[in-house]
Every structure is written in C-alpha cells, then in structure tokens.
>>> print(open('query_32.cif').read())   # mmCIF, C-alpha atoms
data_target
loop_
_atom_site.label_atom_id
_atom_site.label_comp_id
_atom_site.auth_asym_id
_atom_site.auth_seq_id
_atom_site.Cartn_x
_atom_site.Cartn_y
_atom_site.Cartn_z
CA MET A 132 -49.12 45.24 -38.87
CA ARG A 133 -47.10 44.06 -35.88
CA THR A 134 -43.49 45.16 -35.61
CA CYS A 135 -40.51 43.10 -34.56
CA LEU A 136 -37.08 44.45 -33.69
CA VAL A 137 -34.39 41.92 -34.62
CA VAL A 138 -31.25 42.38 -32.53
CA ASP A 139 -28.19 40.33 -33.54
CA ASP A 140 -24.62 41.24 -34.40
CA SER A 141 -24.66 38.83 -37.36
CA SER A 142 -26.14 40.31 -40.52
CA VAL A 143 -26.71 36.77 -41.81
CA VAL A 144 -28.84 35.87 -38.80
CA ARG A 145 -30.74 39.15 -39.08
CA LYS A 146 -31.46 38.42 -42.74
CA ILE A 147 -32.75 34.91 -42.01
CA ALA A 148 -34.86 36.14 -39.11
CA ARG A 149 -36.23 38.93 -41.25
CA ARG A 150 -37.30 36.51 -43.96
CA ILE A 151 -39.01 34.21 -41.49
CA LEU A 152 -40.78 36.98 -39.60
CA GLU A 153 -41.87 38.88 -42.71
CA GLY A 154 -43.41 35.58 -43.79
CA LEU A 155 -45.34 35.67 -40.52
CA ASP A 156 -46.60 39.19 -41.34
CA PHE A 157 -44.26 41.22 -39.16
CA GLN A 158 -42.70 44.52 -40.12
CA ILE A 159 -39.00 44.28 -39.30
CA VAL A 160 -36.51 46.73 -37.85
CA GLU A 161 -32.89 45.63 -37.33
CA ALA A 162 -30.22 46.51 -34.80
CA GLU A 163 -26.68 45.09 -34.56
CA ASP A 164 -26.21 45.57 -30.81
CA GLY A 165 -28.14 46.31 -27.63
CA GLU A 166 -27.30 49.98 -27.60
CA LYS A 167 -28.65 50.63 -31.12
CA ALA A 168 -31.68 48.53 -30.23
CA LEU A 169 -32.33 50.64 -27.15
CA GLU A 170 -32.15 53.85 -29.17
CA ILE A 171 -34.75 52.44 -31.56
CA CYS A 172 -36.99 51.49 -28.63
CA LYS A 173 -36.73 54.96 -27.12
CA ARG A 174 -38.10 56.38 -30.37
CA GLY A 175 -40.89 53.82 -30.58
CA LEU A 176 -41.52 50.46 -28.88
CA PRO A 177 -41.95 47.43 -31.14
CA ASP A 178 -44.51 44.70 -30.48
CA ALA A 179 -41.76 42.10 -30.31
CA VAL A 180 -38.00 41.81 -29.95
CA LEU A 181 -35.98 38.87 -31.24
CA LEU A 182 -32.86 39.19 -29.13
CA ASP A 183 -29.37 37.73 -29.40
CA TRP A 184 -27.36 37.46 -26.20
CA ASN A 185 -23.71 37.97 -27.06
CA MET A 186 -23.14 41.26 -28.86
CA PRO A 187 -20.53 44.02 -28.64
CA VAL A 188 -21.20 47.39 -26.98
CA MET A 189 -24.31 46.19 -25.09
CA ASP A 190 -25.35 42.55 -24.90
CA GLY A 191 -28.89 41.16 -24.96
CA TYR A 192 -29.15 40.68 -21.22
CA GLU A 193 -28.19 44.29 -20.48
CA PHE A 194 -30.52 45.53 -23.24
CA LEU A 195 -33.44 43.60 -21.72
CA GLY A 196 -32.95 45.23 -18.32
CA ASN A 197 -32.81 48.66 -19.93
CA LEU A 198 -35.85 47.99 -22.10
CA ARG A 199 -38.03 46.92 -19.18
CA ARG A 200 -37.09 50.15 -17.35
CA LEU A 201 -38.36 52.35 -20.22
CA PRO A 202 -41.89 53.76 -19.92
CA GLY A 203 -44.13 51.07 -21.39
CA GLY A 204 -41.08 48.84 -21.57
CA HIS A 205 -42.91 45.86 -20.10
CA GLU A 206 -45.17 45.66 -23.17
CA PRO A 207 -42.96 44.30 -25.96
CA LYS A 208 -42.68 40.51 -26.05
CA VAL A 209 -39.00 39.63 -25.84
CA VAL A 210 -37.85 36.33 -27.33
CA PHE A 211 -34.20 35.52 -26.82
CA CYS A 212 -32.55 33.82 -29.79
CA THR A 213 -29.07 32.69 -28.90
CA THR A 214 -26.46 29.96 -29.01
CA GLU A 215 -26.46 29.98 -25.20
CA ASN A 216 -28.49 26.82 -24.68
CA ASP A 217 -28.01 25.94 -21.02
CA ILE A 218 -30.52 26.14 -18.17
CA ALA A 219 -28.47 28.80 -16.35
CA HIS A 220 -28.74 31.28 -19.21
CA ILE A 221 -32.41 30.46 -19.79
CA SER A 222 -33.30 30.99 -16.13
CA ARG A 223 -31.37 34.27 -16.01
CA ALA A 224 -33.19 35.49 -19.11
CA LEU A 225 -36.61 34.58 -17.73
CA HIS A 226 -35.85 36.25 -14.40
CA ALA A 227 -34.77 39.39 -16.22
CA GLY A 228 -38.14 39.55 -17.96
CA ALA A 229 -37.80 37.59 -21.21
CA ASN A 230 -41.07 36.06 -22.44
CA GLU A 231 -39.61 33.18 -24.44
CA TYR A 232 -36.29 31.68 -25.45
CA ILE A 233 -35.04 30.15 -28.68
CA MET A 234 -31.86 28.11 -28.73
CA LYS A 235 -29.97 28.40 -31.99
CA PRO A 236 -30.04 26.87 -34.57
CA PHE A 237 -33.65 27.79 -35.26
CA ASP A 238 -36.05 27.26 -38.12
CA LYS A 239 -39.30 28.79 -39.25
CA GLU A 240 -41.38 26.31 -37.25
CA ILE A 241 -39.60 27.12 -33.99
CA VAL A 242 -39.92 30.88 -34.48
CA ALA A 243 -43.61 30.51 -35.33
CA ALA A 244 -44.20 28.23 -32.33
CA LYS A 245 -42.47 30.62 -29.92
CA PHE A 246 -44.25 33.70 -31.28
CA GLN A 247 -47.50 31.81 -30.90
CA GLU A 248 -46.58 31.05 -27.26
CA VAL A 249 -46.25 34.76 -26.49
CA GLY A 250 -49.54 35.54 -28.21
CA LEU A 251 -48.20 37.43 -31.20
CA ILE A 252 -49.56 34.96 -33.72
CA ASP A 253 -53.17 33.88 -34.03
CA GLN A 254 -53.72 30.42 -32.55
CA THR A 255 -55.89 29.31 -35.43
CA GLN A 256 -52.98 29.59 -37.83
CA PRO A 257 -51.50 26.14 -38.24
CA THR A 258 -47.79 26.19 -37.49
CA SER A 259 -47.15 22.91 -39.17
CA THR A 260 -48.63 20.29 -41.47
CA MET B 125 -39.45 0.31 -58.14
CA ASN B 126 -41.76 -1.46 -60.55
CA GLN B 127 -45.51 -1.53 -60.25
CA PRO B 128 -45.87 -5.17 -59.05
CA ASP B 129 -43.39 -4.45 -56.23
CA TYR B 130 -45.31 -1.34 -55.26
CA GLU B 131 -48.58 -3.25 -55.22
CA TYR B 132 -47.01 -5.98 -53.14
CA LEU B 133 -45.80 -3.43 -50.58
CA ARG B 134 -49.19 -1.68 -50.52
CA LYS B 135 -50.93 -4.94 -49.75
CA LEU B 136 -48.38 -5.98 -47.14
CA LEU B 137 -48.65 -2.66 -45.31
CA LYS B 138 -52.44 -2.77 -45.43
CA ASP B 139 -52.55 -6.32 -44.07
CA TYR B 140 -50.04 -5.76 -41.28
CA SER B 141 -50.74 -2.22 -40.16
CA GLY B 142 -53.89 -0.98 -41.84
CA LEU B 143 -51.83 1.71 -43.54
CA ASP B 144 -53.68 2.49 -46.74
CA LEU B 145 -51.32 3.98 -49.30
CA SER B 146 -52.83 5.57 -52.37
CA ALA B 147 -51.57 4.71 -55.84
CA ASP B 148 -49.03 7.51 -56.09
CA LYS B 149 -46.93 7.18 -52.97
CA GLN B 150 -43.88 5.47 -54.51
CA TYR B 151 -41.71 8.39 -53.42
CA LEU B 152 -42.72 7.81 -49.79
CA ILE B 153 -41.87 4.13 -49.97
CA GLU B 154 -38.54 4.89 -51.60
CA SER B 155 -37.52 7.53 -49.10
CA ARG B 156 -38.44 5.35 -46.14
CA LEU B 157 -37.41 1.89 -47.36
CA LEU B 158 -34.28 2.46 -49.43
CA PRO B 159 -32.20 3.29 -46.33
CA LEU B 160 -33.63 0.20 -44.65
CA ALA B 161 -32.79 -1.96 -47.66
CA ARG B 162 -29.23 -0.61 -47.83
CA LYS B 163 -28.72 -1.24 -44.12
CA ALA B 164 -29.78 -4.84 -44.72
CA GLY B 165 -27.20 -5.15 -47.49
CA LEU B 166 -29.79 -5.13 -50.27
CA ALA B 167 -29.38 -3.13 -53.46
CA ASP B 168 -32.88 -1.76 -53.94
CA ILE B 169 -36.59 -2.03 -53.21
CA GLY B 170 -36.87 -4.99 -55.62
CA GLU B 171 -34.44 -7.05 -53.53
CA LEU B 172 -36.21 -5.95 -50.34
CA VAL B 173 -39.51 -7.25 -51.76
CA GLN B 174 -37.84 -10.58 -52.55
CA LYS B 175 -36.68 -10.80 -48.96
CA LEU B 176 -40.17 -9.99 -47.70
CA LYS B 177 -41.68 -12.67 -49.93
CA GLY B 178 -39.30 -15.09 -48.27
CA GLY B 179 -41.36 -14.48 -45.13
CA SER B 180 -38.82 -12.89 -42.77
CA SER B 181 -40.98 -11.56 -39.93
CA ALA B 182 -38.15 -9.37 -38.67
CA VAL B 183 -37.87 -7.57 -41.99
CA ILE B 184 -41.65 -7.24 -42.22
CA ALA B 185 -41.67 -5.59 -38.79
CA GLN B 186 -38.90 -3.21 -39.85
CA VAL B 187 -40.78 -2.25 -43.00
CA VAL B 188 -43.96 -1.55 -41.05
CA GLU B 189 -42.04 0.54 -38.54
CA ALA B 190 -40.32 2.54 -41.26
CA MET B 191 -43.59 3.33 -43.01
CA THR B 192 -45.79 4.31 -40.07
CA THR B 193 -45.14 8.02 -39.83
CA ASN B 194 -44.17 9.31 -36.42
CA GLU B 195 -44.20 13.09 -36.75
CA THR B 196 -45.34 14.58 -33.50
CA PHE B 197 -44.46 17.35 -31.07
CA PHE B 198 -45.34 18.70 -27.65
CA PHE B 199 -48.77 20.30 -27.32
CA ARG B 200 -49.37 19.73 -31.03
CA ASP B 201 -52.12 22.04 -32.34
CA LYS B 202 -52.41 23.60 -28.86
CA VAL B 203 -56.24 23.75 -28.83
CA PRO B 204 -56.86 20.11 -27.70
CA PHE B 205 -54.55 20.68 -24.74
CA ASP B 206 -56.30 23.92 -23.86
CA HIS B 207 -59.56 21.88 -23.91
CA PHE B 208 -57.89 19.23 -21.76
CA ARG B 209 -56.87 21.76 -19.13
CA ASP B 210 -59.87 24.08 -19.27
CA SER B 211 -62.83 21.77 -19.76
CA ILE B 212 -62.12 18.05 -20.03
CA LEU B 213 -60.17 17.60 -16.79
CA PRO B 214 -62.38 19.89 -14.68
CA GLU B 215 -65.51 18.08 -15.89
CA ILE B 216 -64.03 14.63 -15.32
CA ILE B 217 -62.80 15.69 -11.87
CA LYS B 218 -66.34 16.67 -10.94
CA ALA B 219 -67.83 13.50 -12.44
CA ARG B 220 -65.32 11.18 -10.74
CA ALA B 221 -65.29 12.91 -7.34
CA ASN B 222 -66.18 9.66 -5.58
CA ARG B 223 -63.83 7.41 -7.50
CA LYS B 224 -60.87 9.85 -7.57
CA SER B 225 -59.41 8.00 -10.51
CA ILE B 226 -58.93 9.01 -14.16
CA ARG B 227 -57.81 6.76 -17.04
CA ILE B 228 -56.38 8.34 -20.17
CA TRP B 229 -55.29 6.56 -23.35
CA CYS B 230 -53.03 8.00 -26.06
CA ALA B 231 -53.79 5.63 -28.89
CA ALA B 232 -50.81 6.60 -31.04
CA GLY B 233 -48.34 7.76 -28.46
CA SER B 234 -45.46 7.71 -30.92
CA THR B 235 -42.27 9.18 -29.44
CA GLY B 236 -44.11 10.40 -26.37
CA GLN B 237 -44.69 14.09 -26.90
CA GLU B 238 -48.46 13.76 -26.69
CA PRO B 239 -48.74 11.59 -23.54
CA TYR B 240 -46.04 13.61 -21.80
CA SER B 241 -47.80 16.85 -22.71
CA LEU B 242 -50.87 15.45 -20.96
CA ALA B 243 -48.71 14.37 -18.02
CA MET B 244 -47.33 17.90 -17.68
CA CYS B 245 -50.88 19.32 -17.76
CA VAL B 246 -51.91 16.88 -15.04
CA LYS B 247 -48.86 17.81 -12.99
CA GLU B 248 -49.72 21.51 -13.34
CA MET B 249 -53.11 20.68 -11.83
CA SER B 250 -51.80 18.64 -8.92
CA ALA B 251 -53.59 20.85 -6.41
CA ALA B 252 -57.00 19.91 -7.83
CA LEU B 253 -55.87 16.30 -8.28
CA SER B 254 -54.31 15.76 -4.87
CA GLY B 255 -54.93 12.17 -3.77
CA TRP B 256 -56.18 11.12 -7.20
CA ARG B 257 -54.87 8.25 -9.28
CA VAL B 258 -54.27 9.32 -12.89
CA GLU B 259 -53.25 6.67 -15.40
CA ILE B 260 -51.88 7.67 -18.77
CA ILE B 261 -51.43 4.74 -21.16
CA ALA B 262 -49.46 5.36 -24.35
CA THR B 263 -49.62 2.77 -27.10
CA ASP B 264 -48.06 2.53 -30.54
CA ILE B 265 -47.54 -0.09 -33.22
CA SER B 266 -43.83 0.69 -33.33
CA GLN B 267 -41.60 -0.74 -30.60
CA GLU B 268 -38.83 1.60 -31.64
CA VAL B 269 -40.78 4.78 -30.94
CA LEU B 270 -42.06 3.30 -27.68
CA GLU B 271 -38.47 2.83 -26.54
CA LYS B 272 -37.75 6.43 -27.41
CA SER B 273 -40.86 7.52 -25.56
CA LYS B 274 -39.88 5.54 -22.46
CA ALA B 275 -36.46 7.18 -22.40
CA GLY B 276 -38.05 10.62 -22.59
CA ILE B 277 -34.98 12.17 -24.21
CA TYR B 278 -35.46 14.82 -26.86
CA SER B 279 -33.31 16.98 -29.09
CA GLN B 280 -33.01 20.73 -28.92
CA PHE B 281 -35.29 20.98 -31.98
CA GLU B 282 -37.91 18.72 -30.46
CA VAL B 283 -38.19 20.64 -27.18
CA GLN B 284 -38.63 23.98 -28.92
CA ARG B 285 -41.71 23.21 -30.95
CA GLY B 286 -44.86 23.67 -28.91
CA LEU B 287 -43.25 23.60 -25.47
CA PRO B 288 -43.32 26.88 -23.52
CA ILE B 289 -39.86 27.72 -22.19
CA GLN B 290 -41.12 27.73 -18.59
CA MET B 291 -42.19 24.10 -18.95
CA LEU B 292 -38.84 23.15 -20.43
CA VAL B 293 -37.07 24.61 -17.42
CA LYS B 294 -39.54 23.08 -14.98
CA TYR B 295 -39.90 19.53 -16.27
CA PHE B 296 -36.69 18.70 -18.11
CA LYS B 297 -33.08 18.14 -17.24
CA GLN B 298 -30.39 19.04 -19.73
CA ILE B 299 -27.95 16.27 -20.74
CA GLY B 300 -25.35 17.83 -23.01
CA GLU B 301 -27.24 18.98 -26.10
CA LEU B 302 -30.24 16.82 -25.23
CA TRP B 303 -33.12 17.26 -22.82
CA GLN B 304 -34.70 14.54 -20.69
CA LEU B 305 -38.07 14.67 -18.96
CA ASN B 306 -37.83 14.46 -15.20
CA PRO B 307 -38.38 11.00 -13.67
CA ASP B 308 -41.68 11.97 -12.03
CA ILE B 309 -43.18 12.94 -15.39
CA ARG B 310 -41.86 9.82 -17.10
CA ALA B 311 -43.33 7.70 -14.34
CA MET B 312 -46.79 9.05 -15.13
CA VAL B 313 -46.95 7.29 -18.52
CA GLN B 314 -47.23 3.53 -19.09
CA HIS B 315 -46.17 2.22 -22.46
CA ARG B 316 -47.63 -0.76 -24.38
CA GLN B 317 -47.11 -1.92 -27.92
CA LEU B 318 -50.44 -2.17 -29.69
CA ASN B 319 -51.73 -2.52 -33.23
CA LEU B 320 -55.06 -0.73 -33.57
CA LEU B 321 -56.16 -3.36 -36.10
CA HIS B 322 -56.17 -5.93 -33.32
CA ASP B 323 -58.39 -6.30 -30.31
CA PHE B 324 -57.54 -3.68 -27.68
CA SER B 325 -60.43 -4.22 -25.31
CA GLN B 326 -58.04 -5.69 -22.72
CA LEU B 327 -56.87 -2.14 -21.95
CA GLY B 328 -60.11 -1.54 -20.06
CA ALA B 329 -62.41 1.46 -19.92
CA PHE B 330 -61.21 5.03 -20.31
CA ASP B 331 -62.40 8.48 -19.35
CA ILE B 332 -60.35 10.22 -22.04
CA ILE B 333 -58.94 8.87 -25.30
CA PHE B 334 -56.58 10.84 -27.51
CA CYS B 335 -56.57 9.29 -30.97
CA ARG B 336 -55.01 12.02 -33.05
CA ASN B 337 -53.69 11.83 -36.58
CA VAL B 338 -53.49 8.05 -36.71
CA LEU B 339 -56.85 7.09 -38.17
CA ILE B 340 -56.02 9.13 -41.28
CA TYR B 341 -53.87 6.20 -42.37
CA PHE B 342 -56.76 3.75 -42.42
CA ASP B 343 -59.45 3.28 -45.04
CA GLN B 344 -63.05 4.17 -44.33
CA GLU B 345 -64.13 0.68 -43.29
CA MET B 346 -61.32 0.33 -40.77
CA LYS B 347 -61.93 3.84 -39.41
CA ILE B 348 -65.57 2.95 -38.72
CA ASN B 349 -64.51 -0.33 -37.15
CA ILE B 350 -62.04 1.38 -34.84
CA PHE B 351 -64.49 4.11 -33.83
CA GLY B 352 -66.95 1.38 -32.89
CA ARG B 353 -64.40 -0.40 -30.73
CA LEU B 354 -63.24 2.86 -29.14
CA ALA B 355 -66.81 3.77 -28.23
CA ARG B 356 -67.22 0.48 -26.39
CA MET B 357 -64.22 1.25 -24.17
CA MET B 358 -65.28 4.72 -23.30
CA GLU B 359 -67.19 5.84 -20.24
CA PRO B 360 -70.54 7.29 -21.38
CA ASP B 361 -69.46 10.73 -20.13
CA GLY B 362 -65.93 10.36 -21.47
CA PHE B 363 -64.10 12.32 -24.14
CA LEU B 364 -62.55 11.33 -27.45
CA VAL B 365 -60.04 13.75 -28.94
CA LEU B 366 -59.19 13.60 -32.65
CA GLY B 367 -56.67 15.45 -34.79
CA ALA B 368 -57.30 18.87 -36.30
CA ALA B 369 -58.33 17.61 -39.74
CA GLU B 370 -60.28 14.58 -38.56
CA THR B 371 -63.94 13.99 -37.79
CA VAL B 372 -66.46 11.21 -37.14
CA VAL B 373 -69.17 13.14 -38.95
CA GLY B 374 -70.34 11.28 -42.00
CA LEU B 375 -68.59 8.10 -40.87
CA THR B 376 -70.32 6.84 -37.77
CA GLU B 377 -72.99 7.68 -35.23
CA VAL B 378 -71.28 6.09 -32.25
CA PHE B 379 -69.71 9.41 -31.28
CA LYS B 380 -71.22 12.85 -31.37
CA PRO B 381 -69.26 16.09 -31.63
CA PHE B 382 -69.36 18.89 -29.10
CA PRO B 383 -70.66 21.88 -31.05
CA GLU B 384 -68.42 24.46 -29.39
CA ARG B 385 -65.33 22.37 -28.82
CA ARG B 386 -63.75 21.40 -32.10
CA GLY B 387 -62.00 18.06 -32.07
CA LEU B 388 -63.87 16.69 -29.04
CA TYR B 389 -66.43 13.88 -29.15
CA ARG B 390 -68.52 11.89 -26.70
CA PRO B 391 -70.09 8.43 -27.05
CA SER B 392 -73.64 8.79 -28.32
CA GLY B 393 -74.70 5.63 -26.54
CA THR B 394 -75.35 3.63 -29.67
CA ALA B 395 -72.17 1.59 -29.63
CA GLY B 396 -73.38 -1.39 -27.65
CA ALA B 397 -71.58 -2.01 -24.35
CA ALA B 398 -72.74 0.72 -21.96
CA GLY B 399 -69.35 1.42 -20.39
CA ARG B 400 -68.48 0.54 -16.86
CA THR B 401 -69.29 3.41 -14.55
CA GLY B 402 -68.81 1.62 -11.34
CA THR B 403 -67.08 -1.56 -10.58
CA THR B 404 -64.96 -3.33 -13.15
CA TRP B 405 -61.69 -1.38 -13.27
CA PRO B 406 -58.72 -3.37 -14.50
CA LYS B 407 -55.80 -3.80 -12.08
CA ALA B 408 -53.80 -0.59 -12.33
CA SER B 409 -50.14 -1.40 -11.83
CA ALA B 410 -48.12 1.78 -12.21
CA ALA B 411 -50.78 4.46 -11.89
CA ALA B 412 -49.26 7.70 -10.70
CA ARG B 413 -50.36 9.05 -7.36
CA LEU B 414 -50.31 12.82 -7.07
#
>>> encode(input="query_32.cif", output="structure tokens")
Amino acid sequence: MRTCLVVDDSSVVRKIARRILEGLDFQIVEAEDGEKALEICKRGLPDAVLLDWNMPVMDGYEFLGNLRRLPGGHEPKVVFCTTENDIAHISRALHAGANEYIMKPFDKEIVAAKFQEVGLIDQTQPTST
Amino acid sequence: MNQPDYEYLRKLLKDYSGLDLSADKQYLIESRLLPLARKAGLADIGELVQKLKGGSSAVIAQVVEAMTTNETFFFRDKVPFDHFRDSILPEIIKARANRKSIRIWCAAGSTGQEPYSLAMCVKEMSAALSGWRVEIIATDISQEVLEKSKAGIYSQFEVQRGLPIQMLVKYFKQIGELWQLNPDIRAMVQHRQLNLLHDFSQLGAFDIIFCRNVLIYFDQEMKINIFGRLARMMEPDGFLVLGAAETVVGLTEVFKPFPERRGLYRPSGTAGAAGRTGTTWPKASAAARL
C-alpha cells in the first residue's frame, strides 16, 4: 500500500485529506508542521507528500528544500495543497522541486486528478463519471 | 410535474436536439428547468410547458440549452489525449507531409476544455509542426457554452481537474481568482454553433474527429445516422475518437476499431463518399500557423 504524508497545521484539513486519500487506497501519516514532517521523513520516506505552505515552525517551502536534500529525497511525489493560489507561489514551488500543486479549496476529484498526474494512481481508474 | 407535461418535454427535446430522455428522468428536468422557469417569472414546470406550447422559440432554445449536459474538463479520461500525442498526430504528420495541413473537429466542444486540450497538445509539438496549418473547429448546439469557450476563462476548480500544473503555468494567465487561456491558444480554435441532427457536411473533410460523450444522448437510429454522416466527412486514413464508454461495435460497420487503441476508430470504407485526399479543401479562414 502506498503511503502519503499529510502536512498541514489545520487538523480539519488533515482529517478531510485523510478521508479522501484513504478512499484512494493510501496509508496516511500526519504532521502539523514542516519540522515534524521532516522528522518523519528521516525515519522513513513516504511515497507522497500532501503539503501545506503556511505553517508555524517550518513552512512547506522550507520543508520541501530539506526533503529533497535527504538521501533518496527526490523520490517522494510532493503535491502542494495551499490557499496560495497565485502564479508566483506556484512557480516557486515547482522550481523548488514540487511535482504538482493544488489550490485550496479542493475536493476528491481534484486530489485524485493531481495524484494521477504524478503517477501515484493507476490511469485506468476513472476519476469521474 | 405531471405525466403529460413530462411527455411533452421529452418529445420537444427529442425533436429539437435529439436528446432521448428515458421515462424516469423527471428529476433531471426539474433540477434543470425549474430555475429557468423561475427566472422567466413562471411558477413551475406546468406553466413553462404552457409557454412552450405557445411557440416561443426563445424559450424553446433556453430549454434545450438547459437540458443538454455540458460536463467536461481538460484532458478528460487522459488516454485519448495520450493517443493524440503519441500516435494520431505522428501518423497524420507522416501521412500529410506534402499537404502540411491538419483539420480537427471537436463535435461537442462544450465549454472548450476538449478543443483547448488538443490545442495545447499541438502547441507542445510545434517543433514537429513548424510551418504546418492546423485547424481545430469546435462546435456545440449551445450558443451559451460556445461563448464561454471563446472567452477561454475558467474557474480555479475547472483548471485543476485534468490539467497538469506545468501547463497551467505555461498556457494560462491569472485574472483574480480566474484563469484565462493565452491568446495564442485561443486563436487556435474556431467556434461554430451546430446541431448534430442537422446537415454538417458544409464543415468539410477532417483528419481527426473527436465526438466524445455526446452520442450517448441520442437513440440508436440517430447514432447510426450520425456515424454514417461522420464517416463521409472523414479522410480514409483519419481518426474518430469516442468517449470511454462508447463504441460503434454492434451499431454500424462504417467505422472499425483499432484493436490496441481503445476509443479510436477509422473509416472502414463502406460509408459511401470516399473522402477527399487531394484537392477540395474548404477555404480555411482562421487556421493557426505554427
């Protein structure tokens, strides 16, 4: 089973993301800021990271840089999931090594579509009716 | 809504748009037409039917528009667009090397996501298509969705389903909370209003026709009729692309499926007019040059 690390300082968002991703057959681990997320990654890299931007202690952008510098840190697919919905933020994220980018608010279809983009979901699974 | 009103609406929709509603779709009519009725100052579906019986062509058009479903998104179902990039375009490029011209028709362009997805694919291949003329014609029965398609403006939800983030950044400009396709992509698509029930032969011959998830609304007889007319407008080595749940198998012999490429079909040569592989191209007004 594929693992996804959900990083967001809002427990509500983490819960919603968990429900959606468990429905897509992912095993979920949660972290409330970039620093805790990094600790988790040092112990074992997930297949995917759903990453908020603005968080206390260490934000998503800083976490991403640190993740990619870990051994094997280029492997996990990182999907930003943030209220920052302008081109400047998106470009910065992509340059820093993000694989995809979700602008909040999101729904199940968007998460599924983006995870399909990064190759974590089988293409033959219909993402919509 | 009473049964006679429902039957009246079923017949009206079938006559005007080919839309073939089964006996149990009252909920669909109610959800689509009640808002329309209220906007027109009418109390309910019954009063709307009275108005329709009075023969108001404007109201009839509004009812048809409201009922023809327009759910679509960028790169819907992914696989047909992978085929487009990986096999259809390369094969057509080889086959048209002398003519250097490709004509593509989206026969239910709706709000534009499908034709613009094709336009973005074509743009991504501009090296291989340098000096070529590529026409993408998008048609739809609904003038309203055509206007939306022409504007090329989409919501944050709409640009996140099916569109890779790199393409969003590359081909769109952000306007507040909305996203608009760049002018060069918009210029690649011509829009025409068209009812598939009517004669569409004036559009000319095509190399590629996308006709996805629209024929499902028609009954068997009309499907067969439309397939026949599509086959006559298709180059013999052209491609027809249908929706994921659709097929010609069991309906008609005028197209044959590609065994390894699901959703793709080619004229079998039994349709009648042999297709025009040579001279009679219609005047292309706004064809994009790459």
>>> resolve_selection(input="query_32.cif", expression="the PyMOL selection byres ((chain B) within 8 of (chain A))", output="list in words")
Asp201, Lys202, Gln280, Phe281, Gln284, Arg285, Gly286, Pro288, Ile289, Val293 and Gln298 of chain B
>>> resolve_selection(input="query_32.cif", expression="the PyMOL selection byres ((chain A and resi 150-160) around 10)", output="JSON, numbers by chain")
{"A": [132, 133, 134, 135, 136, 137, 138, 144, 145, 146, 147, 148, 149, 161, 162, 168, 171, 177, 178, 179, 180, 181, 238, 239, 240, 242, 243, 246, 251, 252]}
>>> axis_aligned_box(input="query_32.cif", around="segment 359-368 of chain B", padding_each_side="6 Å", output="AutoDock Vina command-line options")
--center_x -63.6 --center_y 12.4 --center_z -28.2 --size_x 25.9 --size_y 25.0 --size_z 28.2
>>> atom_distance(input="query_32.cif", atom1="atom CA of Ala227 of chain A", atom2="atom CA of Gly196 of chain A")
6.5 Å
>>> residues_around(input="query_32.cif", residues="segment 222-233 of chain B", least_positions_apart="4", cutoff="6 Å", atoms="all atoms listed in the file", output="PDB file with C-alpha atoms, in the frame of the given file")
ATOM      1  CA  TRP B 256     -56.180  11.120  -7.200  1.00  0.00           C
ATOM      2  CA  ARG B 257     -54.870   8.250  -9.280  1.00  0.00           C
ATOM      3  CA  VAL B 258     -54.270   9.320 -12.890  1.00  0.00           C
ATOM      4  CA  GLU B 259     -53.250   6.670 -15.400  1.00  0.00           C
ATOM      5  CA  ILE B 260     -51.880   7.670 -18.770  1.00  0.00           C
ATOM      6  CA  ILE B 261     -51.430   4.740 -21.160  1.00  0.00           C
ATOM      7  CA  ALA B 262     -49.460   5.360 -24.350  1.00  0.00           C
ATOM      8  CA  THR B 263     -49.620   2.770 -27.100  1.00  0.00           C
ATOM      9  CA  ASP B 264     -48.060   2.530 -30.540  1.00  0.00           C
ATOM     10  CA  PHE B 330     -61.210   5.030 -20.310  1.00  0.00           C
ATOM     11  CA  ASP B 331     -62.400   8.480 -19.350  1.00  0.00           C
ATOM     12  CA  ILE B 332     -60.350  10.220 -22.040  1.00  0.00           C
ATOM     13  CA  ILE B 333     -58.940   8.870 -25.300  1.00  0.00           C
ATOM     14  CA  PHE B 334     -56.580  10.840 -27.510  1.00  0.00           C
ATOM     15  CA  CYS B 335     -56.570   9.290 -30.970  1.00  0.00           C
TER      16      CYS B 335
END
>>> resolve_selection(input="query_32.cif", expression="the PyMOL selection byres ((chain B and resi 158) around 12)", output="VMD selection string")
chain B and resid 125 150 to 157 159 to 173 187 190 to 191
>>> closest_residue(input="query_32.cif", among="B:Pro239, B:Pro381, B:Pro204, B:Pro214", to="Ala252 of chain B", atoms="all atoms listed in the file")
B:Pro214
>>> residues_around(input="query_32.cif", residues="Gly203 of chain A", least_positions_apart="4", cutoff="12 Å", atoms="only C-alpha atoms", output="ChimeraX atom specification")
/A:172-173,175-178,197-199,207-208
>>> atom_distance(input="query_32.cif", atom1="atom CA of Leu339 of chain B", atom2="atom CA of Leu270 of chain B")
18.5 Å
>>> closest_residue(input="query_32.cif", among="B:Gly367, B:Pro391, B:Gly352, B:Pro383", to="Val203 of chain B", atoms="all atoms listed in the file")
B:Gly367
>>> atom_distance(input="query_32.cif", atom1="atom CA of Leu366 of chain B", atom2="atom CA of Ser241 of chain B")
15.5 Å
>>> residues_around(input="query_32.cif", residues="Ile299 of chain B", least_positions_apart="6", cutoff="10 Å", atoms="all atoms listed in the file", output="PDB file with C-alpha atoms, in the frame of the given file")
ATOM      1  CA  ASP A 217     -28.010  25.940 -21.020  1.00  0.00           C
TER       2      ASP A 217
ATOM      3  CA  ILE B 277     -34.980  12.170 -24.210  1.00  0.00           C
ATOM      4  CA  TYR B 278     -35.460  14.820 -26.860  1.00  0.00           C
ATOM      5  CA  SER B 279     -33.310  16.980 -29.090  1.00  0.00           C
TER       6      SER B 279
END
>>> closest_residue(input="query_32.cif", among="B:Lys294, B:Glu271, B:Leu305, B:Glu282", to="Tyr240 of chain B", atoms="all atoms listed in the file")
B:Leu305
>>> closest_residue(input="query_32.cif", among="B:Ile340, B:Phe363, B:Ser234, B:Arg356", to="Gly328 of chain B", atoms="only C-alpha atoms")
B:Arg356
>>> closest_residue(input="query_32.cif", among="B:Arg209, B:Met291, B:Leu242, B:Leu321", to="Met346 of chain B", atoms="all atoms listed in the file")
B:Leu321
